[in-house]
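Undergrad: This is query-v7.txt (compact mmCIF, C-alpha atoms).
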```txt
# COMPACT_ATOMS: atom_id res chain seq x y z
CA MET Z 1 0.00 0.00 0.00
CA SER Z 2 1.36 3.38 -0.94
CA THR Z 3 0.16 6.90 -1.47
CA ASP Z 4 1.56 9.82 -3.38
CA SER Z 5 3.60 12.03 -1.14
CA PRO Z 6 4.03 15.58 -2.35
CA GLY Z 7 6.88 16.99 -4.36
CA ARG Z 8 10.28 15.33 -4.27
CA ASN Z 9 9.29 12.58 -1.87
CA GLY Z 10 7.44 10.47 -4.44
CA PRO Z 11 5.37 7.47 -3.34
CA VAL Z 12 5.49 6.86 0.40
CA SER Z 13 4.17 3.73 2.06
CA ALA Z 14 1.60 4.08 4.81
CA ALA Z 15 3.99 2.39 7.26
CA ARG Z 16 6.86 4.82 6.56
CA ARG Z 17 4.57 7.82 6.81
CA ARG Z 18 3.08 6.56 10.07
CA ASP Z 19 6.50 5.94 11.63
CA VAL Z 20 7.66 9.46 10.77
CA ILE Z 21 4.49 11.17 11.94
CA ASP Z 22 4.31 9.16 15.18
CA ALA Z 23 7.90 10.08 16.07
CA LEU Z 24 7.33 13.78 15.39
CA ARG Z 25 4.16 13.67 17.49
CA ARG Z 26 6.32 12.46 20.40
CA GLY Z 27 8.92 15.13 19.77
CA ALA Z 28 11.50 12.55 18.71
CA VAL Z 29 13.78 12.09 15.72
CA PRO Z 30 12.28 9.33 13.53
CA GLU Z 31 14.25 6.10 13.38
CA SER Z 32 13.57 5.75 9.65
CA GLY Z 33 12.06 7.62 6.73
CA LEU Z 34 14.41 10.55 7.24
CA ASP Z 35 14.86 11.07 3.52
CA LEU Z 36 11.29 12.39 3.60
CA LEU Z 37 12.39 15.23 5.87
CA ALA Z 38 15.92 15.98 4.66
CA THR Z 39 16.35 19.61 3.69
CA GLY Z 40 19.61 21.32 2.83
CA LEU Z 41 21.66 18.11 2.82
CA ASP Z 42 21.98 17.72 -0.94
CA ARG Z 43 25.38 19.42 -0.98
CA PHE Z 44 26.83 16.66 1.22
CA GLN Z 45 25.49 13.69 -0.71
CA SER Z 46 28.08 13.34 -3.47
CA ALA Z 47 31.10 13.42 -1.15
CA LEU Z 48 29.50 11.13 1.42
CA ASP Z 49 28.39 8.62 -1.21
CA SER Z 50 31.95 8.56 -2.55
CA GLU Z 51 33.21 7.78 0.95
CA PHE Z 52 30.71 4.94 1.28
CA ASP Z 53 31.93 3.58 -2.05
CA ALA Z 54 35.51 3.67 -0.76
CA VAL Z 55 34.56 1.89 2.48
CA ALA Z 56 32.69 -0.79 0.52
CA SER Z 57 35.91 -1.32 -1.45
CA GLY Z 58 37.90 -1.97 1.72
CA ALA Z 59 38.89 1.49 2.89
CA SER Z 60 37.96 3.06 6.23
CA VAL Z 61 36.67 6.58 6.90
CA PHE Z 62 36.43 8.84 9.92
CA LYS Z 63 34.13 11.87 9.90
CA ALA Z 64 33.22 14.49 12.50
CA VAL Z 65 30.01 16.52 12.39
CA ARG Z 66 29.67 19.80 14.23
CA GLY Z 67 26.57 21.81 14.94
CA GLU Z 68 24.86 23.74 17.71
CA TYR Z 69 22.15 22.14 19.80
CA GLY Z 70 19.05 21.78 17.64
CA SER Z 71 20.95 21.99 14.36
CA GLY Z 72 20.03 18.41 13.47
CA LYS Z 73 23.15 16.38 14.27
CA THR Z 74 21.20 13.29 15.35
CA PHE Z 75 18.91 13.71 12.36
CA PHE Z 76 21.92 13.96 10.04
CA ALA Z 77 23.53 10.85 11.55
CA ARG Z 78 20.35 8.79 11.17
CA TRP Z 79 19.76 10.12 7.65
CA LEU Z 80 23.28 9.02 6.75
CA GLY Z 81 22.64 5.68 8.45
CA GLU Z 82 19.61 5.15 6.23
CA ARG Z 83 21.71 5.84 3.17
CA ALA Z 84 24.27 3.34 4.46
CA LYS Z 85 21.60 0.65 4.88
CA ARG Z 86 20.45 1.17 1.33
CA ARG Z 87 24.02 0.28 0.36
CA ASN Z 88 23.79 -2.89 2.49
CA PHE Z 89 25.87 -1.58 5.38
CA ALA Z 90 25.28 -2.66 8.95
CA VAL Z 91 24.61 0.34 11.20
CA ALA Z 92 25.01 1.11 14.91
CA GLU Z 93 24.19 4.38 16.67
CA ILE Z 94 25.77 4.83 20.12
CA GLN Z 95 24.93 7.62 22.58
CA VAL Z 96 28.07 8.59 24.46
CA SER Z 97 27.45 9.18 28.17
CA GLU Z 98 29.52 9.24 31.33
CA THR Z 99 27.55 6.50 33.07
CA GLU Z 100 26.19 4.24 30.32
CA THR Z 101 28.80 4.47 27.57
CA PRO Z 102 32.02 6.18 28.70
CA LEU Z 103 34.21 6.67 25.66
CA HIS Z 104 37.42 5.83 27.49
CA LYS Z 105 36.13 2.28 28.07
CA LEU Z 106 36.19 0.88 24.57
CA GLU Z 107 34.88 -2.47 25.77
CA THR Z 108 31.65 -0.68 26.73
CA VAL Z 109 31.53 1.13 23.39
CA TYR Z 110 31.90 -2.21 21.60
CA ARG Z 111 29.15 -3.74 23.75
CA ARG Z 112 26.76 -0.91 22.92
CA LEU Z 113 27.71 -1.29 19.25
CA THR Z 114 26.68 -4.94 19.19
CA GLU Z 115 23.51 -4.21 21.19
CA ARG Z 116 22.45 -1.58 18.66
CA LEU Z 117 23.75 -3.33 15.56
CA THR Z 118 21.16 -3.36 12.80
CA THR Z 119 21.18 -4.45 9.16
CA PRO Z 120 18.76 -3.91 6.28
CA GLY Z 121 17.15 -7.22 7.20
CA PHE Z 122 17.40 -7.38 11.00
CA PRO Z 123 16.66 -4.94 13.85
CA PRO Z 124 18.95 -4.59 16.88
CA SER Z 125 20.66 -6.67 17.97
CA ALA Z 126 21.58 -8.20 14.64
CA LEU Z 127 24.84 -9.76 15.90
CA ARG Z 128 23.61 -13.35 16.01
CA PRO Z 129 21.90 -13.27 12.58
CA VAL Z 130 25.10 -11.80 11.13
CA VAL Z 131 27.24 -14.56 12.65
CA ASP Z 132 24.78 -17.24 11.51
CA ALA Z 133 24.87 -15.78 7.99
CA TRP Z 134 28.67 -15.86 8.12
CA PHE Z 135 28.77 -19.56 8.93
CA TYR Z 136 26.25 -20.22 6.19
CA ALA Z 137 28.45 -18.31 3.73
CA LEU Z 138 31.46 -20.36 4.80
CA GLU Z 139 29.52 -23.57 4.16
CA GLU Z 140 28.43 -22.33 0.74
CA ASP Z 141 32.00 -21.37 -0.16
CA ALA Z 142 33.28 -24.77 0.97
CA LEU Z 143 30.65 -26.61 -1.07
CA ALA Z 144 31.36 -24.42 -4.09
CA ALA Z 145 35.05 -25.37 -3.76
CA GLY Z 146 34.10 -29.04 -4.03
CA ALA Z 147 33.88 -30.11 -0.39
CA SER Z 148 31.74 -33.17 0.31
CA GLU Z 149 29.13 -33.29 3.06
CA GLU Z 150 31.47 -35.45 5.14
CA ASP Z 151 34.36 -33.01 4.76
CA LEU Z 152 32.22 -29.90 5.24
CA PRO Z 153 32.98 -29.29 8.97
CA THR Z 154 36.70 -29.58 8.32
CA GLU Z 155 36.58 -27.25 5.32
CA VAL Z 156 34.50 -24.69 7.21
CA GLU Z 157 37.06 -24.75 10.01
CA ARG Z 158 39.86 -24.24 7.49
CA LEU Z 159 38.09 -21.31 5.86
CA MET Z 160 37.28 -19.74 9.22
CA THR Z 161 40.91 -19.99 10.32
CA ALA Z 162 42.14 -18.46 7.06
CA ARG Z 163 39.72 -15.53 7.14
CA LEU Z 164 40.34 -14.73 10.78
CA THR Z 165 44.13 -14.93 10.54
CA GLU Z 166 44.65 -11.18 10.88
CA VAL Z 167 42.01 -10.88 13.60
CA SER Z 168 43.57 -13.71 15.59
CA ARG Z 169 46.84 -11.81 15.82
CA HIS Z 170 45.10 -9.12 17.89
CA ALA Z 171 42.14 -10.99 19.43
CA PRO Z 172 42.60 -14.77 19.26
CA SER Z 173 39.68 -15.28 21.65
CA PHE Z 174 37.27 -13.89 19.01
CA ALA Z 175 37.92 -16.82 16.68
CA THR Z 176 37.95 -19.24 19.62
CA ALA Z 177 34.51 -18.04 20.73
CA LEU Z 178 33.13 -18.39 17.19
CA ARG Z 179 34.26 -22.02 17.18
CA GLY Z 180 32.68 -22.53 20.57
CA TYR Z 181 29.41 -21.03 19.36
CA ARG Z 182 29.32 -23.31 16.33
CA THR Z 183 30.13 -26.36 18.44
CA ALA Z 184 27.32 -25.55 20.86
CA LEU Z 185 24.87 -25.16 17.97
CA GLU Z 186 25.87 -28.45 16.40
CA SER Z 187 25.40 -30.25 19.73
CA GLY Z 188 21.99 -28.64 20.25
CA ASP Z 189 23.10 -26.72 23.36
CA GLU Z 190 21.15 -23.50 22.83
CA ALA Z 191 21.87 -22.14 26.31
CA THR Z 192 25.62 -22.34 25.78
CA ALA Z 193 25.35 -20.97 22.24
CA SER Z 194 23.40 -17.94 23.48
CA ALA Z 195 25.86 -17.37 26.31
CA VAL Z 196 28.86 -17.54 23.98
CA MET Z 197 27.15 -15.13 21.58
CA ALA Z 198 26.61 -12.72 24.47
CA TRP Z 199 30.33 -12.98 25.29
CA LEU Z 200 31.18 -12.27 21.64
CA GLY Z 201 29.01 -9.16 21.95
CA GLY Z 202 31.10 -7.95 24.87
CA GLN Z 203 28.53 -8.70 27.57
CA PRO Z 204 30.05 -9.12 31.04
CA HIS Z 205 29.28 -11.80 33.62
CA VAL Z 206 28.70 -14.62 31.15
CA ALA Z 207 28.40 -17.97 32.93
CA ALA Z 208 31.79 -19.52 33.61
CA ALA Z 209 30.61 -22.91 32.32
CA ALA Z 210 29.76 -21.44 28.93
CA ARG Z 211 33.11 -19.67 28.71
CA ARG Z 212 34.97 -22.86 29.59
CA SER Z 213 32.98 -24.77 27.00
CA ALA Z 214 33.99 -22.23 24.34
CA GLY Z 215 37.59 -22.13 25.52
CA VAL Z 216 37.65 -18.43 26.49
CA ARG Z 217 38.36 -16.64 29.75
CA GLY Z 218 37.28 -13.52 31.59
CA ASP Z 219 35.44 -10.53 30.12
CA LEU Z 220 36.34 -8.33 27.17
CA ASP Z 221 38.71 -5.51 28.11
CA HIS Z 222 39.61 -2.12 26.64
CA PHE Z 223 42.38 -3.43 24.41
CA GLY Z 224 40.55 -6.53 23.26
CA ALA Z 225 37.62 -4.40 22.08
CA LEU Z 226 39.51 -3.14 19.03
CA GLY Z 227 40.40 -6.69 18.05
CA PHE Z 228 36.77 -7.75 18.41
CA LEU Z 229 35.71 -4.82 16.22
CA GLN Z 230 38.17 -6.02 13.62
CA GLY Z 231 36.66 -9.50 13.84
CA LEU Z 232 33.12 -8.16 13.50
CA LEU Z 233 34.10 -6.29 10.34
CA THR Z 234 35.51 -9.50 8.87
CA VAL Z 235 32.33 -11.41 9.68
CA LEU Z 236 30.16 -8.63 8.19
CA ARG Z 237 32.17 -8.53 4.98
CA ASP Z 238 32.15 -12.29 4.49
CA SER Z 239 28.42 -12.51 5.19
CA GLY Z 240 27.67 -10.14 2.34
CA HIS Z 241 27.58 -6.68 3.94
CA ALA Z 242 29.35 -3.72 2.36
CA GLY Z 243 30.68 -2.49 5.69
CA LEU Z 244 29.77 -1.05 9.08
CA PHE Z 245 28.59 2.50 9.75
CA VAL Z 246 29.03 3.52 13.39
CA VAL Z 247 27.81 6.76 14.98
CA LEU Z 248 29.17 8.07 18.27
CA ASP Z 249 26.53 10.68 19.05
CA GLU Z 250 26.80 13.57 21.51
CA VAL Z 251 30.51 13.29 22.22
CA GLU Z 252 30.30 16.82 23.65
CA THR Z 253 29.14 15.17 26.89
CA LEU Z 254 32.85 14.50 27.52
CA GLN Z 255 33.17 18.14 28.55
CA ARG Z 256 31.06 17.46 31.65
CA VAL Z 257 32.96 14.49 33.07
CA ARG Z 258 35.85 14.51 35.53
CA SER Z 259 39.10 15.77 34.07
CA ASP Z 260 40.88 12.42 34.36
CA ALA Z 261 38.04 10.56 32.62
CA ARG Z 262 37.83 13.30 30.00
CA ASP Z 263 41.52 13.03 29.18
CA LYS Z 264 41.25 9.26 28.85
CA ALA Z 265 38.20 9.61 26.59
CA LEU Z 266 39.88 12.17 24.34
CA ASN Z 267 42.91 9.93 24.04
CA ALA Z 268 40.66 6.95 23.23
CA LEU Z 269 39.08 9.02 20.46
CA ARG Z 270 42.52 9.93 19.14
CA GLN Z 271 43.44 6.25 19.21
CA LEU Z 272 40.29 5.30 17.29
CA ILE Z 273 40.99 7.91 14.62
CA ASP Z 274 44.55 6.71 14.20
CA GLU Z 275 43.46 3.08 13.94
CA VAL Z 276 40.88 4.00 11.30
CA HIS Z 277 43.43 5.93 9.27
CA SER Z 278 46.02 3.17 9.64
CA GLY Z 279 43.80 0.77 7.70
CA ARG Z 280 43.26 -1.63 10.60
CA PHE Z 281 39.49 -1.52 10.15
CA PRO Z 282 38.68 -2.04 6.46
CA GLY Z 283 34.97 -1.59 5.92
CA LEU Z 284 34.41 0.84 8.82
CA TYR Z 285 32.83 4.29 8.51
CA LEU Z 286 33.06 6.01 11.91
CA LEU Z 287 31.11 9.22 12.51
CA ILE Z 288 31.09 11.40 15.62
CA THR Z 289 28.83 14.36 16.38
CA GLY Z 290 29.47 17.28 18.69
CA THR Z 291 28.96 20.98 19.28
CA PRO Z 292 31.39 23.70 18.15
CA ALA Z 293 32.30 24.20 21.81
CA PHE Z 294 33.49 20.60 21.97
CA TYR Z 295 35.73 20.97 18.93
CA ASP Z 296 36.99 24.47 19.67
CA GLY Z 297 36.79 24.86 23.46
CA ARG Z 298 39.46 24.24 26.06
CA GLN Z 299 37.42 21.52 27.77
CA GLY Z 300 37.06 19.51 24.59
CA VAL Z 301 39.23 18.55 21.63
CA GLN Z 302 41.68 21.42 22.17
CA ARG Z 303 42.65 19.86 25.50
CA LEU Z 304 44.58 17.17 23.58
CA ALA Z 305 46.83 18.73 20.95
CA PRO Z 306 47.29 15.58 18.81
CA LEU Z 307 43.51 15.15 18.61
CA ALA Z 308 43.00 18.81 17.74
CA GLN Z 309 45.50 18.47 14.91
CA ARG Z 310 43.69 15.48 13.46
CA LEU Z 311 40.32 17.27 13.51
CA ALA Z 312 41.51 20.71 12.40
CA THR Z 313 39.28 22.13 9.64
CA ASP Z 314 39.01 25.67 8.27
CA PHE Z 315 35.58 27.17 8.91
CA THR Z 316 36.56 30.81 8.41
CA THR Z 317 35.11 30.96 4.90
CA ASP Z 318 31.48 31.39 3.86
CA PRO Z 319 29.55 28.22 4.88
CA ARG Z 320 28.45 27.89 1.26
CA PHE Z 321 32.02 26.87 0.42
CA ASP Z 322 32.54 24.34 3.21
CA ASN Z 323 34.40 21.29 1.94
CA PRO Z 324 32.22 18.16 2.43
CA ARG Z 325 35.32 16.01 1.92
CA ALA Z 326 37.03 17.52 4.98
CA VAL Z 327 37.36 15.61 8.24
CA GLN Z 328 34.73 17.90 9.80
CA LEU Z 329 31.34 18.86 8.42
CA ARG Z 330 29.50 21.93 9.66
CA LEU Z 331 25.71 21.80 9.90
CA PRO Z 332 24.36 25.32 9.42
CA GLY Z 333 21.22 24.82 11.49
CA PHE Z 334 17.72 26.04 10.73
CA THR Z 335 16.69 29.47 9.55
CA LEU Z 336 13.08 30.63 9.66
CA ASP Z 337 12.71 29.92 5.94
CA SER Z 338 14.06 26.36 6.24
CA LEU Z 339 11.90 25.75 9.33
CA ILE Z 340 8.82 26.85 7.40
CA GLY Z 341 9.83 24.69 4.44
CA LEU Z 342 10.15 21.67 6.73
CA GLY Z 343 6.75 22.41 8.23
CA LEU Z 344 5.15 22.50 4.79
CA THR Z 345 6.80 19.18 3.91
CA ILE Z 346 5.39 17.58 7.06
CA ARG Z 347 1.97 19.14 6.45
CA ASP Z 348 1.86 17.66 2.95
CA LEU Z 349 3.17 14.30 4.15
CA TYR Z 350 0.48 14.20 6.84
CA ALA Z 351 -2.23 15.25 4.39
CA SER Z 352 -1.29 12.43 2.01
CA GLY Z 353 -2.55 9.95 4.60
CA ALA Z 354 -5.43 11.98 6.02
CA SER Z 355 -9.09 11.20 5.38
CA SER Z 356 -9.45 14.58 3.64
CA ALA Z 357 -6.14 15.75 2.25
CA GLU Z 358 -7.52 18.90 0.65
CA ARG Z 359 -9.19 20.01 3.89
CA VAL Z 360 -5.96 19.57 5.85
CA LYS Z 361 -4.05 21.67 3.33
CA GLU Z 362 -6.78 24.29 3.21
CA ILE Z 363 -7.14 24.72 6.98
CA THR Z 364 -3.37 24.62 7.64
CA ASP Z 365 -2.35 26.60 4.59
CA ASP Z 366 1.14 27.92 3.94
CA VAL Z 367 0.45 31.16 5.80
CA TYR Z 368 -0.69 29.34 8.94
CA VAL Z 369 2.33 27.01 8.95
CA ALA Z 370 4.63 30.02 8.59
CA ASP Z 371 2.90 31.86 11.43
CA LEU Z 372 3.11 28.82 13.70
CA ALA Z 373 6.83 28.50 12.95
CA LYS Z 374 7.34 32.16 13.84
CA ALA Z 375 5.33 31.76 17.04
CA VAL Z 376 7.29 28.72 18.23
CA GLY Z 377 10.55 30.48 17.41
CA GLY Z 378 9.34 33.48 19.36
CA ALA Z 379 8.49 31.31 22.35
CA LEU Z 380 12.13 30.18 22.32
CA GLY Z 381 13.54 33.67 22.36
CA GLY Z 382 13.69 33.94 18.59
CA LYS Z 383 16.31 31.20 18.43
CA VAL Z 384 14.93 29.37 15.43
CA GLY Z 385 17.88 26.99 15.37
CA VAL Z 386 16.60 25.11 18.43
CA ALA Z 387 12.92 25.22 17.41
CA PRO Z 388 12.46 22.31 14.93
CA ARG Z 389 11.65 19.58 17.46
CA LEU Z 390 9.06 21.62 19.33
CA PHE Z 391 7.60 23.17 16.17
CA LEU Z 392 7.01 19.80 14.51
CA LYS Z 393 5.62 18.33 17.73
CA LYS Z 394 3.09 21.17 17.97
CA LEU Z 395 2.27 21.11 14.27
CA VAL Z 396 1.51 17.38 14.24
CA GLY Z 397 0.09 16.74 17.71
CA ASP Z 398 -1.75 19.98 18.44
CA VAL Z 399 -2.85 21.10 14.98
CA LEU Z 400 -2.83 18.48 12.20
CA ASP Z 401 -4.25 15.68 14.37
CA ARG Z 402 -7.16 17.89 15.41
CA VAL Z 403 -7.84 19.12 11.90
CA ASP Z 404 -7.90 15.51 10.70
CA GLN Z 405 -10.25 14.29 13.45
CA PHE Z 406 -12.62 17.20 14.00
CA GLU Z 407 -14.38 18.68 10.98
CA ASP Z 408 -15.21 21.94 12.75
CA PHE Z 409 -11.74 22.51 14.20
CA ASP Z 410 -10.02 25.65 12.93
CA PRO Z 411 -6.63 26.34 14.55
CA ARG Z 412 -7.03 30.06 13.89
CA LYS Z 413 -10.13 30.10 16.08
CA HIS Z 414 -9.73 27.20 18.47
CA TYR Z 415 -6.01 26.91 19.18
CA ALA Z 416 -3.58 29.10 21.08
CA LEU Z 417 0.02 27.97 21.24
CA THR Z 418 1.06 26.90 24.73
CA VAL Z 419 4.61 25.97 25.64
CA ASN Z 420 5.07 24.39 29.05
CA ALA Z 421 8.47 24.13 30.65
CA SER Z 422 7.92 20.42 31.29
CA GLU Z 423 7.85 19.64 27.56
CA LEU Z 424 11.06 21.52 26.74
CA THR Z 425 14.54 20.11 26.59
CA GLU Z 426 17.25 21.81 28.63
CA VAL Z 427 18.50 23.66 25.56
CA GLU Z 428 14.99 24.82 24.66
CA ARG Z 429 14.37 26.06 28.22
CA ASN Z 430 17.60 27.99 28.11
CA ALA Z 431 16.57 29.55 24.80
CA ALA Z 432 13.17 30.71 26.04
CA ALA Z 433 13.28 34.48 26.47
CA VAL Z 434 10.14 34.93 28.55
CA ASP Z 435 9.72 34.74 32.32
CA SER Z 436 7.21 31.95 31.96
CA ALA Z 437 6.96 29.63 28.99
CA ASP Z 438 3.30 28.92 29.73
CA ASP Z 439 0.49 30.12 27.52
CA VAL Z 440 2.38 31.84 24.75
CA GLU Z 441 -0.45 32.97 22.56
CA LEU Z 442 -0.46 32.49 18.81
CA ASP Z 443 -2.02 35.62 17.31
CA LEU Z 444 -3.23 34.74 13.84
CA PRO Z 445 -5.70 36.51 11.57
```
Go ahead and express the file in the form of structure tokens.

TA:
Amino acid sequence: MSTDSPGRNGPVSAARRRDVIDALRRGAVPESGLDLLATGLDRFQSALDSEFDAVASGASVFKAVRGEYGSGKTFFARWLGERAKRRNFAVAEIQVSETETPLHKLETVYRRLTERLTTPGFPPSALRPVVDAWFYALEEDALAAGASEEDLPTEVERLMTARLTEVSRHAPSFATALRGYRTALESGDEATASAVMAWLGGQPHVAAAARRSAGVRGDLDHFGALGFLQGLLTVLRDSGHAGLFVVLDEVETLQRVRSDARDKALNALRQLIDEVHSGRFPGLYLLITGTPAFYDGRQGVQRLAPLAQRLATDFTTDPRFDNPRAVQLRLPGFTLDSLIGLGLTIRDLYASGASSAERVKEITDDVYVADLAKAVGGALGGKVGVAPRLFLKKLVGDVLDRVDQFEDFDPRKHYALTVNASELTEVERNAAAVDSADDVELDLP
């Protein structure tokens, strides 16, 4: 089932439209369908697609994205992740945080990566389906090479050893655990197989009996994590995937941790960048996002000179001439015009699935959408750059839903914009320029 979405979006399935609209209604960035909302990203596409092509050919790429709060960094990362999936990449988005995912503990970063690993065919965590597909591919390759059914286990073992040779130099336990997983499956021991797979995913506190059965010891540590990442890339490649796209989102949170942990995290980031550029991780596209203060401030990247040198990018020129091939990309953020344009796109997308599309467009015409955008921006102190989330939440949940459900509802007569502090993010509250954010009236003709 599909409907015609307006303009450049073309046909949009009901499921994709619903997922996007539902997320915006909650005030969240949609998990998928972001190409329907992308505005102003065309200038990045050619360079980024070329980088994906290089990664699919065995290269590795590191990229940093900078933008103020509300400029769409998470949106950009997920939009790029969707493009990666269309190229048959596996994707993992990781939120960096002091308590849940400290960057200086790479074993935790790897664990979060496997927990959030997704492929075009499997939701998170896709680690086990990927490993199963890898063993299937090994069997197919062995049979294609002339192996008999009797010799198949031996040939699969030989192929596995050959393809994990480089990985085994850095993380021999990765290959050992894979063998243990396969052995448990063949013997019908699902409990042990699941436990070994959890250990391969970096999970701590795996039962000692399962680890002994697989021939591995202890838990994954900081140094072993890089070897396991190398092994995962090998498995992904051999199971038919073009590569792995990993996002480390909100790395600016490092500025708020203790100085010793911050220094360790910055050095871990420097180490990751060097490993990517050294060619150790063929098939990896690593993206980080952060604020300008993180890249330029004394509590962020500038605190570690070698890291600052690796990320140095000239942003003194007109943003129109920013180099999308550079190590850093600058997101310009929203202007009032681009915010209005996004609102019109969402209005038309919503109308395409409404019971009366023409009525929705007529009641929430272009003038009304523009006035609502101005009003939300005004409620946030005129800082349009941080307004998109709240604006789209209000447009969908407070206006379009009511127009669609109530035939006599007219937002010009029956709706006054209200912005309560409880529904604002910290950044949005800081941007609000009024004493109270309650009951900000929308004065429309």

Undergrad: Ranking Z:Thr74, Z:Thr39, Z:Asn88, Z:Ser168 by minimum distance to Thr345 of chain Z and counting only C-alpha atoms, which one comes first?

TA: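 Using only C-alpha atoms, Thr345 of chain Z sits closest to Z:Thr39.
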
Undergrad: Got a sec: who's within 7 Å of Ala193 of chain Z, counting all atoms listed in the file, leaving out chain neighbours fewer than 4 positions off, as number ranges by chain?

TA: Z: 181, 184-185, 189, 197

Undergrad: Would you write out, as JSON lines, a table of all residues in segment 270-338 of chain Z that have an atom no more than 12 Å from an atom of segment 248-262 of chain Z, listing for each the closest atom pair and the distance in Å to one decimal, considering only C-alpha atoms and ordering rows by chain and rising residue number?

TA:
```
{"residue": "Z:Leu272", "atom": "CA", "partner": "Z:Leu248", "partner_atom": "CA", "distance": 11.5}
{"residue": "Z:Tyr285", "atom": "CA", "partner": "Z:Leu248", "partner_atom": "CA", "distance": 11.1}
{"residue": "Z:Leu286", "atom": "CA", "partner": "Z:Leu248", "partner_atom": "CA", "distance": 7.7}
{"residue": "Z:Leu287", "atom": "CA", "partner": "Z:Leu248", "partner_atom": "CA", "distance": 6.2}
{"residue": "Z:Ile288", "atom": "CA", "partner": "Z:Leu248", "partner_atom": "CA", "distance": 4.7}
{"residue": "Z:Thr289", "atom": "CA", "partner": "Z:Asp249", "partner_atom": "CA", "distance": 5.1}
{"residue": "Z:Gly290", "atom": "CA", "partner": "Z:Glu252", "partner_atom": "CA", "distance": 5.0}
{"residue": "Z:Thr291", "atom": "CA", "partner": "Z:Glu252", "partner_atom": "CA", "distance": 6.2}
{"residue": "Z:Pro292", "atom": "CA", "partner": "Z:Glu252", "partner_atom": "CA", "distance": 8.9}
{"residue": "Z:Ala293", "atom": "CA", "partner": "Z:Glu252", "partner_atom": "CA", "distance": 7.9}
{"residue": "Z:Phe294", "atom": "CA", "partner": "Z:Glu252", "partner_atom": "CA", "distance": 5.2}
{"residue": "Z:Tyr295", "atom": "CA", "partner": "Z:Glu252", "partner_atom": "CA", "distance": 8.3}
{"residue": "Z:Asp296", "atom": "CA", "partner": "Z:Glu252", "partner_atom": "CA", "distance": 10.9}
{"residue": "Z:Gly297", "atom": "CA", "partner": "Z:Gln255", "partner_atom": "CA", "distance": 9.2}
{"residue": "Z:Arg298", "atom": "CA", "partner": "Z:Gln255", "partner_atom": "CA", "distance": 9.1}
{"residue": "Z:Gln299", "atom": "CA", "partner": "Z:Gln255", "partner_atom": "CA", "distance": 5.5}
{"residue": "Z:Gly300", "atom": "CA", "partner": "Z:Gln255", "partner_atom": "CA", "distance": 5.7}
{"residue": "Z:Val301", "atom": "CA", "partner": "Z:Gln255", "partner_atom": "CA", "distance": 9.2}
{"residue": "Z:Gln302", "atom": "CA", "partner": "Z:Gln255", "partner_atom": "CA", "distance": 11.1}
{"residue": "Z:Arg303", "atom": "CA", "partner": "Z:Arg262", "partner_atom": "CA", "distance": 9.3}
{"residue": "Z:Leu304", "atom": "CA", "partner": "Z:Arg262", "partner_atom": "CA", "distance": 10.1}
```

Undergrad: Near Lys393 of chain Z, within 7 Å and counting all atoms listed in the file, which residues show up once chain neighbours fewer than 3 positions away are dropped, as a PyMOL selection string?

TA: chain Z and resi 24-27+389-390+396-397

Undergrad: When you count all atoms listed in the file, which of these residues is closest to Gly378 of chain Z: Z:Leu349, Z:Asn323, Z:Leu417, Z:Ser71?

TA: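 Smallest separation from Gly378 of chain Z among the options: Z:Leu417.
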
Undergrad: Just to confirm, what's the straight-line distance from atom CA of Leu380 of chain Z to atom CA of Lys361 of chain Z in Å (one decimal)?

TA: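 Spanning atom CA of Leu380 of chain Z to atom CA of Lys361 of chain Z is a straight-line distance of 26.4 Å.
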